[in-house]
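Structure data (mmCIF, C-alpha atoms and all ligand atoms) from run03.cif:
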data_structure
loop_
_atom_site.label_atom_id
_atom_site.label_comp_id
_atom_site.auth_asym_id
_atom_site.auth_seq_id
_atom_site.Cartn_x
_atom_site.Cartn_y
_atom_site.Cartn_z
CA MET A 1151 0.00 0.00 0.00
CA SER A 1152 1.28 3.48 -0.85
CA ALA A 1153 2.13 5.49 2.25
CA PRO A 1154 3.13 8.98 1.02
CA LEU A 1155 4.48 10.24 4.33
CA ILE A 1156 6.75 7.21 4.74
CA ASP A 1157 7.63 6.83 1.05
CA LYS A 1158 9.35 10.20 1.11
CA TYR A 1159 11.76 8.99 3.78
CA ARG A 1160 12.19 5.57 2.19
CA LYS A 1161 13.39 7.26 -0.99
CA MET A 1162 16.04 9.06 1.03
CA ALA A 1163 17.75 5.75 1.88
CA THR A 1164 21.25 5.46 0.48
CA PHE A 1165 21.19 1.64 0.37
CA ASP A 1166 18.97 -1.17 -0.93
CA TRP A 1167 17.16 -2.68 2.09
CA ARG A 1168 16.80 -6.04 0.31
CA LYS A 1169 20.57 -6.32 -0.03
CA LEU A 1170 21.03 -5.35 3.61
CA LYS A 1171 18.46 -7.97 4.70
CA ALA A 1172 20.18 -10.69 2.65
CA ALA A 1173 23.58 -9.68 4.06
CA VAL A 1174 22.33 -9.78 7.67
CA GLU A 1175 20.08 -12.86 7.50
CA GLY A 1176 21.59 -14.81 4.59
CA GLU A 1177 19.98 -15.22 1.17
CA GLU A 1178 18.77 -18.76 1.84
CA HIS A 1179 17.06 -17.74 5.08
CA VAL A 1180 15.31 -14.83 3.37
CA ARG A 1181 14.17 -17.20 0.59
CA LEU A 1182 12.86 -19.81 3.03
CA LYS A 1183 10.93 -17.19 4.97
CA ALA A 1184 9.40 -15.88 1.73
CA GLU A 1185 8.22 -19.43 0.98
CA VAL A 1186 6.50 -19.69 4.37
CA VAL A 1187 4.89 -16.26 3.90
CA ALA A 1188 3.59 -17.31 0.45
CA LYS A 1189 2.06 -20.47 1.93
CA MET A 1190 0.42 -18.52 4.73
CA LYS A 1191 -0.96 -15.92 2.31
CA SER A 1192 -2.59 -18.65 0.26
CA GLU A 1193 -4.47 -20.09 3.22
CA PRO A 1194 -7.66 -18.42 4.57
CA VAL A 1195 -6.98 -19.56 8.12
CA PHE A 1196 -3.97 -17.21 8.18
CA GLN A 1197 -5.99 -14.16 7.07
CA ARG A 1198 -5.70 -11.33 9.58
CA ASP A 1199 -8.91 -11.00 11.62
CA TYR A 1200 -9.17 -7.57 13.18
CA ARG A 1201 -12.18 -8.36 15.33
CA VAL A 1202 -11.67 -8.63 19.07
CA LEU A 1203 -11.87 -12.39 19.53
CA SER A 1204 -13.07 -14.14 22.64
CA ARG A 1205 -10.57 -16.38 24.41
CA GLU A 1206 -12.18 -19.50 22.93
CA GLU A 1207 -12.25 -18.05 19.41
CA HIS A 1208 -8.62 -17.02 19.72
CA ARG A 1209 -7.63 -20.52 20.80
CA GLU A 1210 -9.59 -22.03 17.94
CA VAL A 1211 -7.76 -19.79 15.42
CA VAL A 1212 -4.40 -20.84 16.89
CA HIS A 1213 -5.47 -24.48 16.69
CA GLN A 1214 -6.57 -24.21 13.05
CA ARG A 1215 -3.27 -22.54 12.13
CA TRP A 1216 -1.31 -25.20 14.01
CA LYS A 1217 -3.24 -27.93 12.15
CA LYS A 1218 -2.41 -26.30 8.82
CA ILE A 1219 1.29 -26.13 9.64
CA VAL A 1220 1.29 -29.79 10.65
CA GLU A 1221 -0.61 -30.66 7.44
CA TRP A 1222 2.01 -28.78 5.37
CA GLY A 1223 4.68 -30.90 7.06
CA LEU A 1224 6.51 -27.75 8.12
CA PHE A 1225 6.91 -28.72 11.74
CA LYS A 1226 8.68 -31.94 12.64
CA ASP A 1227 11.95 -32.33 14.48
CA PRO A 1228 13.23 -28.77 15.07
CA TYR A 1229 16.81 -30.01 15.43
CA SER A 1230 17.10 -32.13 12.31
CA ASP A 1231 16.23 -29.26 9.97
CA LEU A 1232 17.30 -26.08 11.73
CA GLU A 1233 17.22 -23.86 8.63
CA ASN A 1234 13.58 -24.57 7.81
CA PHE A 1235 12.65 -24.52 11.47
CA HIS A 1236 14.11 -21.03 11.97
CA ALA A 1237 12.42 -19.75 8.84
CA LEU A 1238 9.07 -21.11 10.06
CA THR A 1239 9.31 -19.88 13.64
CA GLU A 1240 10.60 -16.42 12.71
CA THR A 1241 7.83 -15.93 10.19
CA LEU A 1242 5.19 -17.21 12.57
CA GLU A 1243 6.56 -15.19 15.45
CA ALA A 1244 6.28 -12.07 13.31
CA TYR A 1245 2.69 -12.88 12.39
CA ASP A 1246 1.10 -14.70 15.33
CA GLN A 1247 3.03 -15.22 18.54
CA GLY A 1248 0.27 -17.47 19.90
CA THR A 1249 0.68 -20.08 17.17
CA SER A 1250 4.45 -19.96 17.36
CA ALA A 1251 4.29 -20.37 21.17
CA ARG A 1252 2.08 -23.42 20.76
CA LEU A 1253 4.53 -25.05 18.35
CA PHE A 1254 7.52 -24.07 20.44
CA LEU A 1255 6.05 -25.45 23.67
CA HIS A 1256 5.29 -28.79 22.04
CA GLY A 1257 8.48 -29.27 20.00
CA ASN A 1258 11.18 -27.29 21.73
CA VAL A 1259 10.11 -27.40 25.37
CA PHE A 1260 8.09 -30.61 25.91
CA GLY A 1261 9.77 -32.51 23.04
CA ALA A 1262 13.26 -31.27 23.93
CA ALA A 1263 12.75 -32.34 27.56
CA VAL A 1264 11.75 -35.90 26.57
CA LYS A 1265 14.72 -36.15 24.21
CA SER A 1266 17.30 -34.67 26.54
CA MET A 1267 16.26 -36.51 29.73
CA GLY A 1268 14.80 -39.66 28.17
CA THR A 1269 16.48 -42.78 26.81
CA GLU A 1270 15.84 -45.59 24.32
CA ARG A 1271 12.63 -46.50 26.17
CA HIS A 1272 11.11 -43.16 25.11
CA LYS A 1273 11.94 -43.58 21.42
CA GLU A 1274 8.39 -44.40 20.33
CA LEU A 1275 7.06 -41.38 22.19
CA VAL A 1276 9.67 -39.15 20.52
CA GLN A 1277 8.43 -40.41 17.16
CA GLN A 1278 4.85 -39.52 18.10
CA ILE A 1279 5.99 -36.07 19.20
CA GLU A 1280 7.81 -35.44 15.91
CA ASN A 1281 4.81 -36.67 13.92
CA ASN A 1282 2.56 -34.35 15.96
CA GLU A 1283 0.38 -37.36 16.83
CA ILE A 1284 0.30 -36.24 20.44
CA VAL A 1285 0.41 -32.75 21.94
CA GLY A 1286 2.72 -31.97 24.82
CA ALA A 1287 3.03 -29.48 27.66
CA PHE A 1288 5.77 -28.73 30.16
CA CYS A 1289 4.76 -28.65 33.84
CA LEU A 1290 7.46 -27.32 36.10
CA THR A 1291 6.16 -24.17 37.78
CA GLU A 1292 3.96 -24.51 40.87
CA ILE A 1293 1.91 -21.89 42.67
CA GLY A 1294 4.46 -21.89 45.51
CA HIS A 1295 7.67 -22.23 43.42
CA GLY A 1296 8.69 -20.55 40.16
CA SER A 1297 12.39 -19.69 39.80
CA ASN A 1298 13.20 -21.89 42.79
CA THR A 1299 12.59 -25.07 40.81
CA ALA A 1300 14.50 -27.52 42.98
CA GLU A 1301 12.02 -26.96 45.83
CA ILE A 1302 8.87 -27.90 43.92
CA GLN A 1303 6.53 -30.05 46.01
CA THR A 1304 4.72 -32.42 43.62
CA THR A 1305 5.59 -36.03 44.48
CA ALA A 1306 6.11 -39.20 42.45
CA THR A 1307 6.24 -42.22 44.75
CA PHE A 1308 7.29 -45.75 43.79
CA ASP A 1309 4.50 -48.17 44.72
CA ASN A 1310 4.07 -51.76 43.54
CA GLY A 1311 6.03 -51.30 40.31
CA GLN A 1312 4.33 -48.02 39.42
CA LEU A 1313 4.73 -44.31 40.09
CA VAL A 1314 2.01 -42.51 42.03
CA PHE A 1315 1.74 -38.74 41.49
CA ASN A 1316 0.33 -36.41 44.13
CA THR A 1317 -0.10 -32.70 44.72
CA PRO A 1318 0.39 -32.44 48.50
CA ASP A 1319 -1.18 -28.97 48.89
CA VAL A 1320 -2.51 -25.98 46.97
CA GLY A 1321 0.99 -24.47 46.67
CA ALA A 1322 2.10 -27.54 44.71
CA ILE A 1323 -0.51 -27.21 41.96
CA LYS A 1324 1.31 -26.98 38.62
CA CYS A 1325 0.45 -23.66 37.01
CA TRP A 1326 0.97 -21.69 33.81
CA ALA A 1327 1.74 -24.76 31.68
CA GLY A 1328 1.06 -23.86 28.02
CA ASN A 1329 -1.06 -26.19 25.84
CA VAL A 1330 -2.41 -27.94 28.92
CA CYS A 1331 -5.88 -26.66 29.63
CA LYS A 1332 -9.11 -27.53 27.95
CA SER A 1333 -10.89 -24.87 25.99
CA PHE A 1334 -14.39 -24.05 27.20
CA LEU A 1335 -16.09 -24.53 23.83
CA ARG A 1336 -14.98 -28.09 23.61
CA LYS A 1337 -16.62 -29.01 26.89
CA PHE A 1338 -20.09 -28.86 25.44
CA SER A 1339 -20.08 -31.05 22.38
CA TYR A 1340 -18.41 -34.37 21.88
CA THR A 1341 -18.40 -33.87 18.09
CA PHE A 1342 -16.70 -30.52 18.42
CA CYS A 1343 -14.30 -32.10 20.84
CA LEU A 1344 -13.27 -34.68 18.25
CA ILE A 1345 -12.63 -32.25 15.45
CA SER A 1346 -11.00 -29.49 17.34
CA ALA A 1347 -9.60 -30.68 20.63
CA HIS A 1348 -6.06 -29.47 20.89
CA SER A 1349 -5.14 -29.65 24.52
CA ALA A 1350 -2.12 -31.62 25.63
CA THR A 1351 -2.45 -35.38 25.80
CA HIS A 1352 0.96 -35.73 27.47
CA VAL A 1353 3.04 -33.63 29.82
CA VAL A 1354 6.56 -33.52 31.12
CA VAL A 1355 6.11 -33.05 34.84
CA TYR A 1356 8.74 -32.38 37.48
CA ALA A 1357 8.33 -33.97 40.91
CA GLN A 1358 10.23 -35.12 43.98
CA LEU A 1359 10.90 -38.83 43.49
CA HIS A 1360 10.30 -40.99 46.59
CA VAL A 1361 11.57 -44.57 46.50
CA GLY A 1362 11.46 -46.88 49.53
CA GLY A 1363 10.62 -43.99 51.84
CA LYS A 1364 13.59 -41.86 50.67
CA ASN A 1365 13.31 -38.61 48.71
CA GLU A 1366 15.75 -38.97 45.79
CA GLY A 1367 15.11 -35.36 44.76
CA PHE A 1368 13.81 -33.47 41.81
CA HIS A 1369 13.24 -35.53 38.59
CA GLY A 1370 11.51 -35.16 35.23
CA PHE A 1371 8.74 -37.57 34.12
CA VAL A 1372 6.61 -37.89 31.01
CA ILE A 1373 3.02 -38.96 31.53
CA GLN A 1374 -0.19 -39.18 29.59
CA VAL A 1375 -2.87 -36.89 31.04
CA ARG A 1376 -5.77 -37.27 28.60
CA CYS A 1377 -7.38 -39.85 26.38
CA PRO A 1378 -6.35 -38.76 22.84
CA LYS A 1379 -9.82 -39.60 21.48
CA THR A 1380 -12.22 -38.08 24.01
CA PHE A 1381 -9.76 -35.66 25.64
CA GLN A 1382 -11.09 -36.70 29.05
CA THR A 1383 -8.49 -36.42 31.78
CA LEU A 1384 -7.14 -39.71 33.15
CA PRO A 1385 -8.00 -40.82 36.72
CA GLY A 1386 -6.30 -38.81 39.43
CA ILE A 1387 -5.73 -35.74 37.21
CA THR A 1388 -7.59 -32.43 37.39
CA ILE A 1389 -6.87 -29.69 34.88
CA GLY A 1390 -8.06 -26.08 34.82
CA ASP A 1391 -7.56 -22.82 32.98
CA MET A 1392 -5.24 -19.96 34.03
CA GLY A 1393 -7.70 -17.50 32.48
CA SER A 1394 -7.37 -14.65 30.03
CA LYS A 1395 -4.08 -13.12 28.92
CA PRO A 1396 -3.41 -10.03 26.85
CA GLY A 1397 -2.41 -10.09 23.17
CA CYS A 1398 -1.53 -13.14 21.09
CA TRP A 1399 -0.90 -15.25 24.20
CA GLN A 1400 -4.66 -15.34 24.63
CA GLY A 1401 -4.60 -18.11 22.02
CA VAL A 1402 -2.24 -20.27 24.12
CA GLU A 1403 -3.95 -22.65 26.53
CA ASN A 1404 -2.13 -21.98 29.79
CA GLY A 1405 -3.53 -24.18 32.50
CA TRP A 1406 -3.06 -25.65 35.96
CA ILE A 1407 -2.89 -29.32 36.84
CA LYS A 1408 -3.14 -31.25 40.08
CA PHE A 1409 -2.66 -34.91 40.92
CA LYS A 1410 -4.41 -37.19 43.37
CA ASN A 1411 -3.00 -40.73 43.41
CA HIS A 1412 -2.49 -40.70 39.66
CA ARG A 1413 -0.71 -43.95 38.71
CA ALA A 1414 1.75 -44.13 35.83
CA PRO A 1415 4.15 -46.85 34.65
CA LEU A 1416 7.80 -46.78 35.74
CA SER A 1417 8.76 -45.84 32.18
CA ALA A 1418 7.37 -42.37 32.96
CA LEU A 1419 10.68 -41.56 34.64
CA LEU A 1420 12.93 -39.71 32.18
CA ASN A 1421 15.80 -41.95 33.08
CA LYS A 1422 18.99 -40.52 31.62
CA GLY A 1423 21.57 -41.19 34.34
CA CYS A 1424 19.12 -42.73 36.82
CA ASP A 1425 16.43 -45.40 37.05
CA ILE A 1426 14.22 -47.42 39.36
CA THR A 1427 14.46 -51.20 39.23
CA PRO A 1428 11.12 -53.10 39.03
CA ASP A 1429 11.64 -54.24 42.64
CA GLY A 1430 11.95 -50.65 43.80
CA LYS A 1431 15.63 -49.68 44.00
CA TYR A 1432 16.83 -46.26 42.88
CA VAL A 1433 20.04 -46.49 40.80
CA THR A 1434 22.04 -43.61 39.43
CA SER A 1435 25.27 -42.86 37.60
CA PHE A 1436 25.18 -39.21 38.66
CA LYS A 1437 28.12 -38.36 40.85
CA SER A 1438 26.48 -35.45 42.61
CA ALA A 1439 23.13 -33.79 43.17
CA SER A 1440 24.25 -30.81 41.07
CA GLU A 1441 25.11 -33.09 38.12
CA LYS A 1442 21.64 -34.63 38.37
CA GLN A 1443 20.05 -31.20 38.58
CA SER A 1444 21.92 -29.91 35.53
CA VAL A 1445 20.55 -32.79 33.41
CA SER A 1446 17.03 -32.21 34.77
CA LEU A 1447 17.10 -28.48 34.23
CA GLY A 1448 19.41 -28.27 31.19
CA THR A 1449 16.37 -28.50 28.98
CA LEU A 1450 15.20 -25.12 30.31
CA SER A 1451 18.02 -23.46 28.34
CA VAL A 1452 16.13 -24.15 25.09
CA GLY A 1453 13.09 -22.36 26.48
CA ARG A 1454 15.20 -19.46 27.70
CA LEU A 1455 16.79 -19.04 24.26
CA GLY A 1456 13.30 -19.08 22.76
CA ILE A 1457 12.16 -16.34 25.14
CA ILE A 1458 15.19 -14.23 24.15
CA ALA A 1459 14.35 -14.79 20.46
CA LYS A 1460 10.75 -13.77 21.16
CA GLY A 1461 12.03 -10.63 22.89
CA MET A 1462 14.28 -9.81 19.91
CA MET A 1463 11.36 -10.16 17.51
CA ALA A 1464 9.14 -7.98 19.71
CA CYS A 1465 11.91 -5.30 19.82
CA THR A 1466 12.24 -5.45 16.02
CA PHE A 1467 8.52 -4.81 15.66
CA ALA A 1468 8.44 -2.10 18.29
CA SER A 1469 11.32 -0.30 16.50
CA THR A 1470 9.65 -0.63 13.09
CA ILE A 1471 6.37 0.74 14.42
CA ALA A 1472 8.08 3.58 16.30
CA ILE A 1473 10.24 4.62 13.31
CA ARG A 1474 7.31 4.54 10.89
CA TYR A 1475 5.11 6.45 13.29
CA SER A 1476 7.77 9.08 13.94
CA VAL A 1477 8.05 9.91 10.22
CA ALA A 1478 4.32 9.71 9.50
CA ARG A 1479 2.97 11.58 12.51
CA ARG A 1480 2.74 15.35 12.20
CA GLN A 1481 2.64 17.56 15.28
CA PHE A 1482 2.44 21.32 15.94
CA GLY A 1483 5.06 23.42 14.22
CA PRO A 1484 5.84 26.85 12.83
CA GLU A 1485 4.50 26.10 9.34
CA LYS A 1486 1.14 24.76 8.22
CA GLY A 1487 1.26 20.98 8.62
CA GLY A 1488 4.43 21.53 10.66
CA LYS A 1489 6.67 18.87 12.15
C1 LIG B 1 2.53 -16.65 29.86
C2 LIG B 1 3.31 -17.62 30.71
C3 LIG B 1 3.57 -18.88 30.25
C4 LIG B 1 4.24 -19.81 31.05
N1 LIG B 1 4.43 -21.08 30.60
C5 LIG B 1 4.93 -22.03 31.44
C6 LIG B 1 5.00 -23.40 31.04
O1 LIG B 1 4.63 -23.77 29.93
N2 LIG B 1 5.47 -24.30 31.95
C7 LIG B 1 5.91 -23.93 33.20
O2 LIG B 1 6.32 -24.81 33.97
N3 LIG B 1 5.88 -22.64 33.59
C8 LIG B 1 5.40 -21.68 32.75
N4 LIG B 1 5.35 -20.36 33.14
C9 LIG B 1 5.85 -19.98 34.46
C10 LIG B 1 7.22 -19.32 34.37
O3 LIG B 1 8.17 -20.27 33.97
C11 LIG B 1 7.51 -18.71 35.74
O4 LIG B 1 6.72 -17.56 35.79
C12 LIG B 1 8.97 -18.42 35.93
O5 LIG B 1 9.66 -19.60 36.15
C13 LIG B 1 9.25 -17.45 37.08
O6 LIG B 1 8.62 -17.89 38.22
P1 LIG B 1 7.65 -16.92 39.04
O7 LIG B 1 6.75 -16.20 38.09
O8 LIG B 1 6.98 -17.76 40.08
O9 LIG B 1 8.60 -15.85 39.69
P2 LIG B 1 9.36 -15.96 41.10
O10 LIG B 1 10.21 -17.16 41.13
O11 LIG B 1 8.34 -15.82 42.21
O12 LIG B 1 10.22 -14.66 41.00
C14 LIG B 1 9.66 -13.34 41.18
C15 LIG B 1 10.74 -12.31 40.92
O13 LIG B 1 11.84 -12.48 41.82
C16 LIG B 1 13.06 -12.68 41.08
N5 LIG B 1 13.87 -13.68 41.77
C17 LIG B 1 13.55 -14.97 42.00
N6 LIG B 1 14.51 -15.59 42.68
C18 LIG B 1 15.47 -14.67 42.90
C19 LIG B 1 16.73 -14.71 43.57
N7 LIG B 1 17.20 -15.82 44.16
N8 LIG B 1 17.47 -13.57 43.59
C20 LIG B 1 17.02 -12.44 43.00
N9 LIG B 1 15.81 -12.35 42.37
C21 LIG B 1 15.07 -13.46 42.32
C22 LIG B 1 12.65 -13.16 39.70
O14 LIG B 1 13.59 -12.82 38.70
C23 LIG B 1 11.34 -12.40 39.50
O15 LIG B 1 11.55 -11.10 39.02
C24 LIG B 1 4.70 -19.41 32.35
C25 LIG B 1 4.48 -18.11 32.79
C26 LIG B 1 3.79 -17.23 31.99
C27 LIG B 1 3.53 -15.84 32.54
#

If you convert what's in this file into structure tokens, what do you get?
Ligand SMILES: Cc1cc2nc3c(=O)[nH]c(=O)nc-3n(C[C@H](O)[C@H](O)[C@H](O)COP(=O)(O)OP(=O)(O)OC[C@H]3O[C@@H](n4cnc5c(N)ncnc54)[C@H](O)[C@@H]3O)c2cc1C
Amino acid sequence: MSAPLIDKYRKMATFDWRKLKAAVEGEEHVRLKAEVVAKMKSEPVFQRDYRVLSREEHREVVHQRWKKIVEWGLFKDPYSDLENFHALTETLEAYDQGTSARLFLHGNVFGAAVKSMGTERHKELVQQIENNEIVGAFCLTEIGHGSNTAEIQTTATFDNGQLVFNTPDVGAIKCWAGNVCKSFLRKFSYTFCLISAHSATHVVVYAQLHVGGKNEGFHGFVIQVRCPKTFQTLPGITIGDMGSKPGCWQGVENGWIKFKNHRAPLSALLNKGCDITPDGKYVTSFKSASEKQSVSLGTLSVGRLGIIAKGMMACTFASTIAIRYSVARRQFGPEKGGK
């Protein structure tokens, strides 16, 4: 669209912005991003909707966009095809931070946690994650503990060859986990539930592991929380909504989750460097508690990098908007139409 006030300043540029962009980002990256933009432009579900959407509508839009991206085969294993992955996430982040957050939480936070803390026994699950056959969430934060992760209070107790998950008190309820809650709309109709349910079926959950009466400390587990067909929560699991959020994050299903005697198989333990024998013995190759903790929490680095990248993108947009506005906006001045 022609923008006379801005065009005047654009013409004053002494360089070609396309060449600068290619020099900074790399020609291949610019080309890949243009491909993603072209795909998005051709698809009605990516049309900009300027109405103020309700929380449920917003989540539905994010879900439809996510489904399209999965259908296009654009989102698989982020680490095996970094170039395409960066092109996709940067483009999405620029257009709809809600959809990019949803993908990121599943692939780079939940998926990365299973891969980095899991072993051979989690291979089939990793395949399902990469094929987007299941949807994942990451449940670390509790009402009583955020940054202070090692002190979280959720428990996983070995009992008769299984793990039993419990939330000992209100402060231990897992909160803020993205992709986890169940959208309101889907509660009412089973048919609608089948075609559009998009809440997490699985979560990575952090808990204090108790074996034989001893607390072995903070560990990561992967468990199924919902039936993938009906999206009903499994026994011993209650899930709720964190409520409305401003901006694009409204489309992300941040929820809370609490456990009451929820039983999961021993394979739920993400067992890199540690395990529980079927007869209930905790074994570990970690030499110290800090080594164990760095494996458990190392996966958070991926999320932190993602948050920095999100911040960079937001700054880029803020600068673009501010610069455009500063050349287009006219204020009082000595001459008519002054500056
Ligand atoms: C939109 C959104 C999405 C989220 N998604 C997820 C998710 O998917 N999964 C999940 O598990 N969690 C999620 N979270 C939770 C998020 O990870 C936590 O908010 C974060 O870990 C910080 O914890 P807190 O908010 O409880 O802050 P606190 O730990 O209570 O910290 C409060 C303030 O004190 C500062 N502070 C803390 N400790 C110290 C210290 N020792 N010295 C100095 N300053 C300190 C902090 O920097 C902060 O400014 C999400 C949160 C939001 C808002």

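Here the question is which of A:Lys1161, A:His1236, A:Lys1169, A:Lys1395 gets nearest to ligand LIG 1 (chain B) using all atoms listed in the file, and that residue is A:Lys1395.
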
Counting all atoms listed in the file, what are the residues of chain A within 10 Å of ligand LIG 1 (chain B), and for each of them which pair of atoms is the nearest and at what distance in Å, to one decimal? Sort the table by chain and rising number, as a tab-separated table.
residue	atom	partner	partner_atom	distance
A:Ala1251	CA	B:LIG1	C3	9.2
A:Arg1252	CA	B:LIG1	O1	9.5
A:Phe1254	CA	B:LIG1	O1	9.9
A:Leu1255	CA	B:LIG1	O1	6.6
A:His1256	CA	B:LIG1	O1	9.4
A:Val1259	CA	B:LIG1	O1	8.0
A:Phe1260	CA	B:LIG1	O1	8.7
A:Gly1286	CA	B:LIG1	O1	9.8
A:Ala1287	CA	B:LIG1	O1	6.3
A:Phe1288	CA	B:LIG1	N2	4.8
A:Cys1289	CA	B:LIG1	O2	4.1
A:Leu1290	CA	B:LIG1	O2	3.5
A:Thr1291	CA	B:LIG1	O2	3.9
A:Glu1292	CA	B:LIG1	O2	7.3
A:Ile1293	CA	B:LIG1	O8	7.0
A:Gly1294	CA	B:LIG1	O8	7.3
A:His1295	CA	B:LIG1	O8	5.6
A:Gly1296	CA	B:LIG1	O8	3.3
A:Ser1297	CA	B:LIG1	O10	3.6
A:Asn1298	CA	B:LIG1	O10	5.8
A:Thr1299	CA	B:LIG1	O5	7.8
A:Lys1324	CA	B:LIG1	O2	7.2
A:Cys1325	CA	B:LIG1	N3	6.5
A:Trp1326	CA	B:LIG1	C8	4.6
A:Ala1327	CA	B:LIG1	O1	3.5
A:Gly1328	CA	B:LIG1	O1	4.0
A:Asn1329	CA	B:LIG1	O1	7.4
A:Val1330	CA	B:LIG1	O1	8.2
A:Val1353	CA	B:LIG1	N2	9.9
A:Val1354	CA	B:LIG1	O2	9.2
A:Val1355	CA	B:LIG1	O2	8.3
A:Tyr1356	CA	B:LIG1	O2	8.7
A:Met1392	CA	B:LIG1	C1	9.4
A:Lys1395	CA	B:LIG1	C1	7.6
A:Pro1396	CA	B:LIG1	C1	9.4
A:Trp1399	CA	B:LIG1	C1	6.8
A:Gln1400	CA	B:LIG1	C1	9.0
A:Val1402	CA	B:LIG1	C1	8.3
A:Glu1403	CA	B:LIG1	C3	9.2
A:Asn1404	CA	B:LIG1	C3	6.5
A:Gly1405	CA	B:LIG1	O1	8.6
A:Trp1406	CA	B:LIG1	N2	9.5
A:Leu1450	CA	B:LIG1	O3	9.3
A:Gly1453	CA	B:LIG1	O3	9.2
A:Arg1454	CA	B:LIG1	O3	9.5

Exercise: A:Asp1227 partners within 10 Å, only C-alpha atoms, chain neighbours under 6 positions left out, as an MDAnalysis selection string: chainID A and resid 1235 1257:1258 1261:1262 1276:1277 1279:1282

Output for the residues just chosen: C-alpha atoms as a CSV table (one decimal), keeping the file's coordinate frame:
chain,number,residue,atom,x,y,z
A,1235,PHE,CA,12.6,-24.5,11.5
A,1257,GLY,CA,8.5,-29.3,20.0
A,1258,ASN,CA,11.2,-27.3,21.7
A,1261,GLY,CA,9.8,-32.5,23.0
A,1262,ALA,CA,13.3,-31.3,23.9
A,1276,VAL,CA,9.7,-39.2,20.5
A,1277,GLN,CA,8.4,-40.4,17.2
A,1279,ILE,CA,6.0,-36.1,19.2
A,1280,GLU,CA,7.8,-35.4,15.9
A,1281,ASN,CA,4.8,-36.7,13.9
A,1282,ASN,CA,2.6,-34.4,16.0

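Between atom CA of A:Thr1304 and atom CA of A:Asn1316 lies a distance of 6.0 Å.
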
Taking all atoms of stretch 1474-1483 of chain A that appear in the file, build a box with edges along x, y and z, extend it by 5 Å on every side, and state its centre and edge lengths in Å to one decimal, as AutoDock Vina command-line options.
--center_x 5.2 --center_y 14.0 --center_z 12.7 --size_x 15.6 --size_y 28.9 --size_z 16.4

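Proximity ranking of A:Gly1386, A:Pro1194, A:Gly1370, A:Gly1362 relative to A:Thr1317 places A:Gly1386 first, based on all atoms listed in the file.
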
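Between A:Leu1203 and the residues A:Gly1311, A:Pro1154, A:Gly1223, A:Gly1401, the shortest atom-to-atom distance, using all atoms listed in the file, involves A:Gly1401.
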